[in-house]
Amino acid sequence: MSVRVRYAPSPTGLQHIGGVRTALFNYFFARSQGGTFILRVEDTDRERYDERALQDIYDTFAWLGISWDEGPGVDGPHAPYFQSQRLELYQGYARQLVEQGNAYYAYDTPEELAAMREEQGEKGAGYDRRGRNYTAEQIADYQSRGVVPVIRFKGLLEGETVFEDLILGRVKKKNKDITPDPVLLKSDGFPTYHLANVVDDHHMQITHILRAQEWIPSAPLHVQLYRAFGWEPPAFCHLPMVMGKDGQKLSKRHGSTSVIEFRNQGYLPEALINYVSLLGWAYDDKREFFTVGELEQLFDPQKINKAPAVFDYKKLEWFNGNYIRQKSDEELEALVTPILQSAGVVSTPITDNEAAILHGASPLVRERMKYLTEAADIVRFLFTDDLPYQMDELIPKNLSAAQTVQLLELGRELVGGFASRSDEENEERFRLAAEERDLKLGSLLMPLRMAVTASRVSPPLFGSMRLLGETRVLKRIDTVLQLLRTEGGK
RNA sequence: GUCUCCUUCGUCUAGUGGUUAGGACACCGGGUUUUCAUCCCGGCAACGGGGGUUCAAUUCCCCCAGGAGAUGCCA
């Protein structure tokens with residue numbers, strides 16, 4: 001039987017790293033097996049439903065470049081793929097369970113349940129199954145008060161439920177330890193996750209459930225549901241969780257765990273995918289760079305770890321820098337242009353002149369970026385003459401204003417006609433001049449760098465000047481000389 | 001509280017009944033360099049503890065500790 005797996009997000013919040021890791025593992029598993037990857041939207045919680053969260057699911061996967069074989073926008077044999085559009089199905093099965101004696105209507109009010117929990121205190125034993133024994137009179141009373149019942153599963157009280165997990169092996173749980181009589185169908189007619197996922201996974205012929213380990217405790221319940229329906233459960237594969245630095249489940253306070261936020265911060269999707277794929281999974285002991293295409297071939301769930309993994313921004317950053325360096329000039333420019341535009345560094349649309357400068361800058365900045373967003377600060381000086389000179393920065397440490405002026409004047413002289421010489425020739429010219437005066441090349445270049453780029457840190461100077469042209473370069477030098485002579489003279 | 005899962009360098013991991021326990025990130029040091037970055041070289045650093053099984057355990061078993069997750073008319 002061909003593999004069919006699904007990623008089943010709930011549109012109640014933004015897609016985060018953990019969810020996307022689950023989606024990716026499902027996707028890669030399906031691809032590696034020549035199977036089918038399904039996206040199913042579990043929108044059964046109308047309290048927390050958020051349309052923006054649904055859009056975020058689409059945006060996230062579009063950015064990552066991951067698509068599904070069946071799901072929203074891709075009709076398949078088991079449509080619709082929104083659970084809110086499949087209510088009759090769940091309701092029918094819930095009723096069937098009641099008729100079979102595997103479930104029952106429970107009439108408790110929210111207040112009563114709250115009171116029950118209050119009484120239980122810290123212990124949190126869960127529902128006390130009181131609804132199983134309500135008398136006809138009690139039920140009639142509830143009904144007369146307009147209380148709408150839920151349908152609860154009549155869980156086994158004795159024995160144990162066992163299931164095989166691809167990663168964990170055999171997992172056992174005593175039936176009495178399973179959440180007591182969980183709600184299957186809410187009073188609003190919507191199913192809970194437990195019912196909906198079992199019904200849909202069966203109907204959509206899902207062969208493997210790859211989901212986070214937080215589901216382990218309810219897996220035996222799901223197995224009991226499959227049995228009650230007389231269905232064969234799919235294979236289970238519970239993925240280790242992704243934690244934050246503090247060892248806690250990854251959440252908002254750990255930074256940008258919303259995937260779209262990674263995009264906004266200048267990460268490349270291929271870097272994120274590569275890194276996230278290595279959270280709880282490794283191909284071997286030497287290889288860690290993988291394209292999506294390679295992961296589609298090489299992913300093997302047998303190699304998934306049991307232990308949770310800590311999300312390390314430093315390593316992601318390293319991957320990101322690597323992937324940026326792999327970009328061609330053209331690719332990098334396309335990636336960076338919108339960022340420069342929203343930073344106001346270049347026009348919208350970008351002018352030919354700006355594009356030309358950017359093109360020349362690509363090779364100079366590529367090695368210097370860990371995030372695409374850094375481009376704005378690195379290249380800004382190439383696009384504006386209005387530079388934020390700071391006097392204390394202009395004068396190198398251990399030098400006076402007067403000495404700086406001298407060095408800059410010398411630099412100005414040496415710069416003359418630089419465009420007609422190669423970078424190597426220019427460097428040699430400066431090096432000779434520096435040696436004559438017993439200076440280091442760097443010391444001679446620093447005042448010039450400050451004048452041209454307004455920063456102690458910049459792309460290579462000669463290349464940068466070439467992009468600016470001699471006129472602008474000389475003008476900047478003169479501006480700074482002026483500043484140093486007046487301000488610095490005090 | 002109860003139940004479940006987990007445990008190799010700080011982090012991600014490889015690994016085997018007998019290895020100098022390997023790699024990567026981070027960190028530290030050095031080199032190249034025009035600043036920064038890249039790049040190169042080197043270094044630091046781990047089998048949670050206790051019992052077994054065995055000629056031999058990081059590896060197999062048990063216990064403990066620690067960590068995490070679940071315990072909803074959320075998923």
# chains A, B, ... in the order shown; residues from 1 in each chain; ligands from 1
>>> interface_residues(of="chain A", to="chain B", cutoff="6 Å", atoms="only C-alpha atoms (C1' of nucleotides)", output="VMD selection string")
chain A and resid 123 186 214 217 285 to 286 307 315 367 to 368 442 456 to 457
>>> select_by_dssp(residues="segment 117-276 of chain A", states="alpha helix (DSSP H)", output="PDB file with N, CA and C atoms, in the first residue's frame")
ATOM      1  N   ARG A 117     -13.664  20.179  39.031  1.00  0.00           N
ATOM      2  CA  ARG A 117     -12.202  20.356  38.990  1.00  0.00           C
ATOM      3  C   ARG A 117     -11.715  21.078  40.239  1.00  0.00           C
ATOM      4  N   GLU A 118     -12.539  22.022  40.651  1.00  0.00           N
ATOM      5  CA  GLU A 118     -12.214  22.776  41.866  1.00  0.00           C
ATOM      6  C   GLU A 118     -12.035  21.803  43.027  1.00  0.00           C
ATOM      7  N   GLU A 119     -12.976  20.903  43.116  1.00  0.00           N
ATOM      8  CA  GLU A 119     -12.974  19.926  44.202  1.00  0.00           C
ATOM      9  C   GLU A 119     -11.767  18.994  44.130  1.00  0.00           C
ATOM     10  N   GLN A 120     -11.399  18.652  42.893  1.00  0.00           N
ATOM     11  CA  GLN A 120     -10.253  17.758  42.722  1.00  0.00           C
ATOM     12  C   GLN A 120      -8.946  18.439  43.102  1.00  0.00           C
ATOM     13  N   ALA A 136     -32.771   8.670  34.156  1.00  0.00           N
ATOM     14  CA  ALA A 136     -33.684   9.273  33.178  1.00  0.00           C
ATOM     15  C   ALA A 136     -34.234  10.583  33.720  1.00  0.00           C
ATOM     16  N   GLU A 137     -34.474  10.632  35.027  1.00  0.00           N
ATOM     17  CA  GLU A 137     -35.014  11.863  35.618  1.00  0.00           C
ATOM     18  C   GLU A 137     -34.002  13.001  35.521  1.00  0.00           C
ATOM     19  N   GLN A 138     -32.753  12.683  35.850  1.00  0.00           N
ATOM     20  CA  GLN A 138     -31.709  13.703  35.793  1.00  0.00           C
ATOM     21  C   GLN A 138     -31.565  14.255  34.377  1.00  0.00           C
ATOM     22  N   ILE A 139     -31.570  13.332  33.431  1.00  0.00           N
ATOM     23  CA  ILE A 139     -31.417  13.747  32.038  1.00  0.00           C
ATOM     24  C   ILE A 139     -32.588  14.616  31.613  1.00  0.00           C
ATOM     25  N   ALA A 140     -33.783  14.210  32.012  1.00  0.00           N
ATOM     26  CA  ALA A 140     -34.978  14.987  31.667  1.00  0.00           C
ATOM     27  C   ALA A 140     -34.884  16.381  32.269  1.00  0.00           C
ATOM     28  N   ASP A 141     -34.333  16.416  33.461  1.00  0.00           N
ATOM     29  CA  ASP A 141     -34.175  17.704  34.137  1.00  0.00           C
ATOM     30  C   ASP A 141     -33.225  18.610  33.364  1.00  0.00           C
ATOM     31  N   TYR A 142     -32.079  18.059  32.972  1.00  0.00           N
ATOM     32  CA  TYR A 142     -31.108  18.833  32.184  1.00  0.00           C
ATOM     33  C   TYR A 142     -31.754  19.331  30.898  1.00  0.00           C
ATOM     34  N   GLN A 143     -32.462  18.412  30.253  1.00  0.00           N
ATOM     35  CA  GLN A 143     -33.079  18.757  28.973  1.00  0.00           C
ATOM     36  C   GLN A 143     -34.084  19.879  29.141  1.00  0.00           C
ATOM     37  N   SER A 144     -34.852  19.813  30.241  1.00  0.00           N
ATOM     38  CA  SER A 144     -35.864  20.842  30.441  1.00  0.00           C
ATOM     39  C   SER A 144     -35.207  22.194  30.676  1.00  0.00           C
ATOM     40  N   TYR A 193     -10.563  17.004  18.578  1.00  0.00           N
ATOM     41  CA  TYR A 193      -9.449  16.431  17.820  1.00  0.00           C
ATOM     42  C   TYR A 193      -9.512  14.908  17.802  1.00  0.00           C
ATOM     43  N   HIS A 194      -9.800  14.329  18.971  1.00  0.00           N
ATOM     44  CA  HIS A 194      -9.749  12.867  19.079  1.00  0.00           C
ATOM     45  C   HIS A 194     -10.661  12.181  18.060  1.00  0.00           C
ATOM     46  N   LEU A 195     -11.867  12.647  17.973  1.00  0.00           N
ATOM     47  CA  LEU A 195     -12.808  12.030  17.032  1.00  0.00           C
ATOM     48  C   LEU A 195     -12.438  12.369  15.594  1.00  0.00           C
ATOM     49  N   ALA A 196     -12.230  13.649  15.351  1.00  0.00           N
ATOM     50  CA  ALA A 196     -12.013  14.099  13.979  1.00  0.00           C
ATOM     51  C   ALA A 196     -10.773  13.481  13.358  1.00  0.00           C
ATOM     52  N   ASN A 197      -9.694  13.402  14.131  1.00  0.00           N
ATOM     53  CA  ASN A 197      -8.463  12.889  13.525  1.00  0.00           C
ATOM     54  C   ASN A 197      -8.574  11.402  13.218  1.00  0.00           C
ATOM     55  N   VAL A 198      -9.282  10.673  14.082  1.00  0.00           N
ATOM     56  CA  VAL A 198      -9.444   9.241  13.830  1.00  0.00           C
ATOM     57  C   VAL A 198     -10.343   9.010  12.610  1.00  0.00           C
ATOM     58  N   VAL A 199     -11.452   9.701  12.587  1.00  0.00           N
ATOM     59  CA  VAL A 199     -12.381   9.540  11.469  1.00  0.00           C
ATOM     60  C   VAL A 199     -11.712   9.935  10.148  1.00  0.00           C
ATOM     61  N   ASP A 200     -11.043  11.087  10.170  1.00  0.00           N
ATOM     62  CA  ASP A 200     -10.430  11.553   8.919  1.00  0.00           C
ATOM     63  C   ASP A 200      -9.238  10.702   8.494  1.00  0.00           C
ATOM     64  N   ASP A 201      -8.430  10.343   9.443  1.00  0.00           N
ATOM     65  CA  ASP A 201      -7.268   9.533   9.069  1.00  0.00           C
ATOM     66  C   ASP A 201      -7.731   8.217   8.452  1.00  0.00           C
ATOM     67  N   HIS A 202      -8.809   7.687   8.986  1.00  0.00           N
ATOM     68  CA  HIS A 202      -9.329   6.448   8.395  1.00  0.00           C
ATOM     69  C   HIS A 202      -9.909   6.710   7.013  1.00  0.00           C
ATOM     70  N   HIS A 203     -10.744   7.730   6.930  1.00  0.00           N
ATOM     71  CA  HIS A 203     -11.387   7.998   5.640  1.00  0.00           C
ATOM     72  C   HIS A 203     -10.405   8.437   4.577  1.00  0.00           C
ATOM     73  N   ALA A 219      -2.555   8.720  22.310  1.00  0.00           N
ATOM     74  CA  ALA A 219      -2.521   7.698  21.259  1.00  0.00           C
ATOM     75  C   ALA A 219      -3.311   6.441  21.634  1.00  0.00           C
ATOM     76  N   PRO A 220      -3.195   5.960  22.869  1.00  0.00           N
ATOM     77  CA  PRO A 220      -3.986   4.759  23.224  1.00  0.00           C
ATOM     78  C   PRO A 220      -5.492   5.008  23.109  1.00  0.00           C
ATOM     79  N   LEU A 221      -5.892   6.207  23.423  1.00  0.00           N
ATOM     80  CA  LEU A 221      -7.303   6.554  23.269  1.00  0.00           C
ATOM     81  C   LEU A 221      -7.697   6.432  21.796  1.00  0.00           C
ATOM     82  N   HIS A 222      -6.840   6.946  20.932  1.00  0.00           N
ATOM     83  CA  HIS A 222      -7.141   6.871  19.510  1.00  0.00           C
ATOM     84  C   HIS A 222      -7.216   5.424  19.047  1.00  0.00           C
ATOM     85  N   VAL A 223      -6.322   4.605  19.581  1.00  0.00           N
ATOM     86  CA  VAL A 223      -6.351   3.184  19.230  1.00  0.00           C
ATOM     87  C   VAL A 223      -7.686   2.576  19.650  1.00  0.00           C
ATOM     88  N   GLN A 224      -8.144   2.936  20.833  1.00  0.00           N
ATOM     89  CA  GLN A 224      -9.443   2.413  21.283  1.00  0.00           C
ATOM     90  C   GLN A 224     -10.569   2.870  20.362  1.00  0.00           C
ATOM     91  N   LEU A 225     -10.458   4.069  19.878  1.00  0.00           N
ATOM     92  CA  LEU A 225     -11.486   4.562  18.959  1.00  0.00           C
ATOM     93  C   LEU A 225     -11.477   3.762  17.662  1.00  0.00           C
ATOM     94  N   TYR A 226     -10.280   3.552  17.120  1.00  0.00           N
ATOM     95  CA  TYR A 226     -10.199   2.749  15.903  1.00  0.00           C
ATOM     96  C   TYR A 226     -10.861   1.389  16.140  1.00  0.00           C
ATOM     97  N   ARG A 227     -10.561   0.809  17.278  1.00  0.00           N
ATOM     98  CA  ARG A 227     -11.117  -0.519  17.569  1.00  0.00           C
ATOM     99  C   ARG A 227     -12.638  -0.455  17.672  1.00  0.00           C
ATOM    100  N   ALA A 228     -13.132   0.581  18.333  1.00  0.00           N
ATOM    101  CA  ALA A 228     -14.580   0.703  18.507  1.00  0.00           C
ATOM    102  C   ALA A 228     -15.271   0.795  17.146  1.00  0.00           C
ATOM    103  N   PHE A 229     -14.557   1.441  16.204  1.00  0.00           N
ATOM    104  CA  PHE A 229     -15.148   1.544  14.865  1.00  0.00           C
ATOM    105  C   PHE A 229     -14.900   0.293  14.035  1.00  0.00           C
ATOM    106  N   VAL A 259       7.169  31.057  11.763  1.00  0.00           N
ATOM    107  CA  VAL A 259       8.028  30.838  10.605  1.00  0.00           C
ATOM    108  C   VAL A 259       8.097  32.057   9.698  1.00  0.00           C
ATOM    109  N   ILE A 260       6.959  32.695   9.510  1.00  0.00           N
ATOM    110  CA  ILE A 260       6.944  33.877   8.660  1.00  0.00           C
ATOM    111  C   ILE A 260       7.871  34.965   9.208  1.00  0.00           C
ATOM    112  N   GLU A 261       8.023  34.957  10.501  1.00  0.00           N
ATOM    113  CA  GLU A 261       8.917  35.933  11.122  1.00  0.00           C
ATOM    114  C   GLU A 261      10.374  35.670  10.709  1.00  0.00           C
ATOM    115  N   PHE A 262      10.696  34.425  10.491  1.00  0.00           N
ATOM    116  CA  PHE A 262      12.051  34.105  10.020  1.00  0.00           C
ATOM    117  C   PHE A 262      12.271  34.717   8.638  1.00  0.00           C
ATOM    118  N   ARG A 263      11.245  34.664   7.835  1.00  0.00           N
ATOM    119  CA  ARG A 263      11.351  35.272   6.509  1.00  0.00           C
ATOM    120  C   ARG A 263      11.615  36.767   6.664  1.00  0.00           C
ATOM    121  N   ASN A 264      10.821  37.393   7.544  1.00  0.00           N
ATOM    122  CA  ASN A 264      10.966  38.829   7.732  1.00  0.00           C
ATOM    123  C   ASN A 264      12.336  39.221   8.274  1.00  0.00           C
ATOM    124  N   PRO A 269      14.633  30.319   3.039  1.00  0.00           N
ATOM    125  CA  PRO A 269      13.857  29.110   3.330  1.00  0.00           C
ATOM    126  C   PRO A 269      14.702  27.844   3.273  1.00  0.00           C
ATOM    127  N   GLU A 270      15.639  27.790   2.320  1.00  0.00           N
ATOM    128  CA  GLU A 270      16.434  26.566   2.233  1.00  0.00           C
ATOM    129  C   GLU A 270      17.297  26.362   3.470  1.00  0.00           C
ATOM    130  N   ALA A 271      17.726  27.476   4.086  1.00  0.00           N
ATOM    131  CA  ALA A 271      18.534  27.359   5.305  1.00  0.00           C
ATOM    132  C   ALA A 271      17.667  26.850   6.454  1.00  0.00           C
ATOM    133  N   LEU A 272      16.479  27.409   6.551  1.00  0.00           N
ATOM    134  CA  LEU A 272      15.582  26.998   7.635  1.00  0.00           C
ATOM    135  C   LEU A 272      15.186  25.530   7.479  1.00  0.00           C
ATOM    136  N   ILE A 273      14.856  25.144   6.261  1.00  0.00           N
ATOM    137  CA  ILE A 273      14.465  23.757   6.015  1.00  0.00           C
ATOM    138  C   ILE A 273      15.618  22.819   6.340  1.00  0.00           C
ATOM    139  N   ASN A 274      16.798  23.165   5.862  1.00  0.00           N
ATOM    140  CA  ASN A 274      17.964  22.329   6.117  1.00  0.00           C
ATOM    141  C   ASN A 274      18.197  22.187   7.621  1.00  0.00           C
ATOM    142  N   TYR A 275      18.183  23.307   8.304  1.00  0.00           N
ATOM    143  CA  TYR A 275      18.450  23.264   9.739  1.00  0.00           C
ATOM    144  C   TYR A 275      17.377  22.489  10.509  1.00  0.00           C
ATOM    145  N   VAL A 276      16.140  22.797  10.211  1.00  0.00           N
ATOM    146  CA  VAL A 276      15.035  22.160  10.933  1.00  0.00           C
ATOM    147  C   VAL A 276      14.990  20.651  10.681  1.00  0.00           C
TER     148      VAL A 276
END
>>> atom_distance(atom1="atom CA of Arg40 of chain A", atom2="atom CA of Thr161 of chain A")
27.3 Å
>>> select_by_dssp(residues="segment 213-433 of chain A", states="strand (DSSP E or B)", output="list in words")
Ala235, Phe236, Cys237, His238, Leu239, Val242, Met243, Lys249, Ser258, Trp281, Ile304, Ala309 and Val310 of chain A
>>> write_last_selection(atoms="N, CA and C atoms", output="mmCIF file, in the first residue's frame")
data_model
loop_
_atom_site.group_PDB
_atom_site.id
_atom_site.type_symbol
_atom_site.label_atom_id
_atom_site.label_comp_id
_atom_site.auth_asym_id
_atom_site.auth_seq_id
_atom_site.Cartn_x
_atom_site.Cartn_y
_atom_site.Cartn_z
ATOM 1 N N ALA A 235 0.014 3.368 11.202
ATOM 2 C CA ALA A 235 1.255 3.247 11.978
ATOM 3 C C ALA A 235 1.500 4.581 12.680
ATOM 4 N N PHE A 236 1.992 4.499 13.900
ATOM 5 C CA PHE A 236 2.282 5.734 14.637
ATOM 6 C C PHE A 236 3.771 6.027 14.622
ATOM 7 N N CYS A 237 4.073 7.298 14.600
ATOM 8 C CA CYS A 237 5.466 7.722 14.603
ATOM 9 C C CYS A 237 5.520 9.055 15.332
ATOM 10 N N HIS A 238 5.820 8.977 16.619
ATOM 11 C CA HIS A 238 5.791 10.210 17.417
ATOM 12 C C HIS A 238 7.141 10.904 17.425
ATOM 13 N N LEU A 239 7.137 12.094 16.879
ATOM 14 C CA LEU A 239 8.363 12.863 16.692
ATOM 15 C C LEU A 239 8.812 13.568 17.976
ATOM 16 N N VAL A 242 10.589 19.960 19.793
ATOM 17 C CA VAL A 242 11.626 20.966 19.606
ATOM 18 C C VAL A 242 11.527 21.940 20.776
ATOM 19 N N MET A 243 12.625 22.113 21.470
ATOM 20 C CA MET A 243 12.633 22.949 22.665
ATOM 21 C C MET A 243 13.383 24.260 22.460
ATOM 22 N N LYS A 249 9.249 23.628 25.929
ATOM 23 C CA LYS A 249 8.595 23.596 24.626
ATOM 24 C C LYS A 249 8.729 24.977 23.969
ATOM 25 N N SER A 258 7.546 31.997 15.021
ATOM 26 C CA SER A 258 6.616 32.013 13.902
ATOM 27 C C SER A 258 7.461 31.980 12.634
ATOM 28 N N TRP A 281 16.928 14.484 13.615
ATOM 29 C CA TRP A 281 17.196 13.567 12.515
ATOM 30 C C TRP A 281 18.588 13.843 11.975
ATOM 31 N N ILE A 304 15.204 8.859 12.934
ATOM 32 C CA ILE A 304 14.745 9.921 13.826
ATOM 33 C C ILE A 304 15.091 9.572 15.269
ATOM 34 N N ALA A 309 15.007 18.011 20.862
ATOM 35 C CA ALA A 309 16.141 18.801 20.391
ATOM 36 C C ALA A 309 15.948 20.268 20.760
ATOM 37 N N VAL A 310 17.043 20.922 21.063
ATOM 38 C CA VAL A 310 16.988 22.345 21.383
ATOM 39 C C VAL A 310 17.273 23.154 20.125
#
>>> residues_around(residues="Val41 of chain A", least_positions_apart="2", cutoff="8 Å", atoms="only C-alpha atoms (C1' of nucleotides)", output="ChimeraX atom specification")
/A:8-11,39,43,81-83
>>> write_last_selection(atoms="all heavy atoms", output="PDB file, in the first residue's frame")
ATOM      1  N   ALA A   8      -1.670  18.240   9.809  1.00  0.00           N
ATOM      2  CA  ALA A   8      -3.020  18.688  10.162  1.00  0.00           C
ATOM      3  C   ALA A   8      -2.995  19.853  11.138  1.00  0.00           C
ATOM      4  O   ALA A   8      -3.254  19.691  12.322  1.00  0.00           O
ATOM      5  CB  ALA A   8      -3.794  17.508  10.746  1.00  0.00           C
ATOM      6  N   PRO A   9      -2.658  21.021  10.639  1.00  0.00           N
ATOM      7  CA  PRO A   9      -2.577  22.182  11.527  1.00  0.00           C
ATOM      8  C   PRO A   9      -3.945  22.723  11.890  1.00  0.00           C
ATOM      9  O   PRO A   9      -4.924  22.508  11.180  1.00  0.00           O
ATOM     10  CB  PRO A   9      -1.811  23.200  10.684  1.00  0.00           C
ATOM     11  CG  PRO A   9      -2.225  22.886   9.286  1.00  0.00           C
ATOM     12  CD  PRO A   9      -2.374  21.382   9.242  1.00  0.00           C
ATOM     13  N   SER A  10      -3.960  23.400  13.009  1.00  0.00           N
ATOM     14  CA  SER A  10      -5.178  24.052  13.448  1.00  0.00           C
ATOM     15  C   SER A  10      -4.994  25.557  13.261  1.00  0.00           C
ATOM     16  O   SER A  10      -4.015  26.118  13.733  1.00  0.00           O
ATOM     17  CB  SER A  10      -5.374  23.719  14.927  1.00  0.00           C
ATOM     18  OG  SER A  10      -6.270  24.609  15.505  1.00  0.00           O
ATOM     19  N   PRO A  11      -5.879  26.196  12.552  1.00  0.00           N
ATOM     20  CA  PRO A  11      -5.703  27.632  12.271  1.00  0.00           C
ATOM     21  C   PRO A  11      -6.070  28.494  13.476  1.00  0.00           C
ATOM     22  O   PRO A  11      -7.029  29.259  13.447  1.00  0.00           O
ATOM     23  CB  PRO A  11      -6.638  27.876  11.085  1.00  0.00           C
ATOM     24  CG  PRO A  11      -7.696  26.847  11.222  1.00  0.00           C
ATOM     25  CD  PRO A  11      -7.070  25.656  11.893  1.00  0.00           C
ATOM     26  N   LEU A  39      -2.600  17.958   3.186  1.00  0.00           N
ATOM     27  CA  LEU A  39      -2.776  19.027   4.174  1.00  0.00           C
ATOM     28  C   LEU A  39      -4.243  19.040   4.575  1.00  0.00           C
ATOM     29  O   LEU A  39      -5.133  19.121   3.722  1.00  0.00           O
ATOM     30  CB  LEU A  39      -2.395  20.397   3.597  1.00  0.00           C
ATOM     31  CG  LEU A  39      -2.575  21.539   4.614  1.00  0.00           C
ATOM     32  CD1 LEU A  39      -1.515  21.468   5.702  1.00  0.00           C
ATOM     33  CD2 LEU A  39      -2.528  22.896   3.932  1.00  0.00           C
ATOM     34  N   ASP A  43      -9.961  22.784  11.716  1.00  0.00           N
ATOM     35  CA  ASP A  43     -10.602  24.006  12.221  1.00  0.00           C
ATOM     36  C   ASP A  43     -11.878  23.690  12.994  1.00  0.00           C
ATOM     37  O   ASP A  43     -12.961  24.148  12.668  1.00  0.00           O
ATOM     38  CB  ASP A  43     -10.919  24.942  11.045  1.00  0.00           C
ATOM     39  CG  ASP A  43     -11.732  24.240   9.965  1.00  0.00           C
ATOM     40  OD1 ASP A  43     -11.883  22.997  10.032  1.00  0.00           O
ATOM     41  OD2 ASP A  43     -12.210  24.920   9.047  1.00  0.00           O
ATOM     42  N   TYR A  81     -11.087  19.184   2.666  1.00  0.00           N
ATOM     43  CA  TYR A  81      -9.976  19.004   3.590  1.00  0.00           C
ATOM     44  C   TYR A  81     -10.025  19.973   4.768  1.00  0.00           C
ATOM     45  O   TYR A  81      -9.048  20.174   5.455  1.00  0.00           O
ATOM     46  CB  TYR A  81      -8.649  19.102   2.827  1.00  0.00           C
ATOM     47  CG  TYR A  81      -8.508  17.955   1.850  1.00  0.00           C
ATOM     48  CD1 TYR A  81      -8.951  18.076   0.530  1.00  0.00           C
ATOM     49  CD2 TYR A  81      -8.000  16.726   2.258  1.00  0.00           C
ATOM     50  CE1 TYR A  81      -8.868  17.013  -0.356  1.00  0.00           C
ATOM     51  CE2 TYR A  81      -7.914  15.650   1.386  1.00  0.00           C
ATOM     52  CZ  TYR A  81      -8.350  15.790   0.075  1.00  0.00           C
ATOM     53  OH  TYR A  81      -8.278  14.732  -0.788  1.00  0.00           O
ATOM     54  N   PHE A  82     -11.177  20.555   4.935  1.00  0.00           N
ATOM     55  CA  PHE A  82     -11.423  21.380   6.119  1.00  0.00           C
ATOM     56  C   PHE A  82     -12.385  20.604   7.008  1.00  0.00           C
ATOM     57  O   PHE A  82     -13.477  20.229   6.564  1.00  0.00           O
ATOM     58  CB  PHE A  82     -12.077  22.713   5.726  1.00  0.00           C
ATOM     59  CG  PHE A  82     -11.145  23.647   5.011  1.00  0.00           C
ATOM     60  CD1 PHE A  82     -11.000  23.573   3.631  1.00  0.00           C
ATOM     61  CD2 PHE A  82     -10.421  24.604   5.712  1.00  0.00           C
ATOM     62  CE1 PHE A  82     -10.134  24.431   2.963  1.00  0.00           C
ATOM     63  CE2 PHE A  82      -9.552  25.466   5.052  1.00  0.00           C
ATOM     64  CZ  PHE A  82      -9.410  25.370   3.675  1.00  0.00           C
ATOM     65  N   GLN A  83     -12.003  20.398   8.234  1.00  0.00           N
ATOM     66  CA  GLN A  83     -12.871  19.589   9.081  1.00  0.00           C
ATOM     67  C   GLN A  83     -14.217  20.253   9.342  1.00  0.00           C
ATOM     68  O   GLN A  83     -15.213  19.582   9.555  1.00  0.00           O
ATOM     69  CB  GLN A  83     -12.151  19.257  10.392  1.00  0.00           C
ATOM     70  CG  GLN A  83     -10.979  18.320  10.155  1.00  0.00           C
ATOM     71  CD  GLN A  83     -10.335  17.815  11.426  1.00  0.00           C
ATOM     72  OE1 GLN A  83     -10.280  18.540  12.425  1.00  0.00           O
ATOM     73  NE2 GLN A  83      -9.841  16.595  11.401  1.00  0.00           N
TER      74      GLN A  83
END
>>> residues_around(residues="Tyr389 of chain A", least_positions_apart="5", cutoff="10 Å", atoms="only C-alpha atoms (C1' of nucleotides)", output="count of residues only")
9
>>> residues_around(residues="Ala79 of chain A", least_positions_apart="6", cutoff="10 Å", atoms="only C-alpha atoms (C1' of nucleotides)", output="list in words")
Arg40, Glu70, Gly71, Pro72, Gln85, Arg86 and Met204 of chain A
>>> decode(residues="segment 284-293 of chain A", atoms="N, CA and C atoms", output="CSV table (one decimal), in the first residue's frame")
chain,number,residue,atom,x,y,z
A,284,ASP,N,23.9,11.0,8.4
A,284,ASP,CA,25.0,10.2,8.9
A,284,ASP,C,25.9,11.1,9.7
A,285,ASP,N,27.2,10.7,9.9
A,285,ASP,CA,28.0,11.4,10.8
A,285,ASP,C,28.8,12.5,10.1
A,286,LYS,N,28.6,12.7,8.8
A,286,LYS,CA,29.5,13.7,8.2
A,286,LYS,C,28.7,14.8,7.4
A,287,ARG,N,27.5,14.4,6.9
A,287,ARG,CA,26.8,15.3,6.0
A,287,ARG,C,25.7,16.1,6.7
A,288,GLU,N,25.7,17.4,6.4
A,288,GLU,CA,24.7,18.2,7.0
A,288,GLU,C,24.1,19.2,6.1
A,289,PHE,N,24.6,19.3,4.9
A,289,PHE,CA,24.0,20.2,3.9
A,289,PHE,C,23.1,19.4,3.0
A,290,PHE,N,21.8,19.7,2.9
A,290,PHE,CA,20.9,19.0,2.1
A,290,PHE,C,20.0,20.0,1.4
A,291,THR,N,19.8,19.8,0.1
A,291,THR,CA,18.8,20.6,-0.6
A,291,THR,C,17.4,19.9,-0.3
A,292,VAL,N,16.4,20.6,-0.6
A,292,VAL,CA,15.0,20.0,-0.4
A,292,VAL,C,14.9,18.7,-1.3
A,293,GLY,N,15.4,18.8,-2.5
A,293,GLY,CA,15.4,17.6,-3.4
A,293,GLY,C,16.1,16.4,-2.8
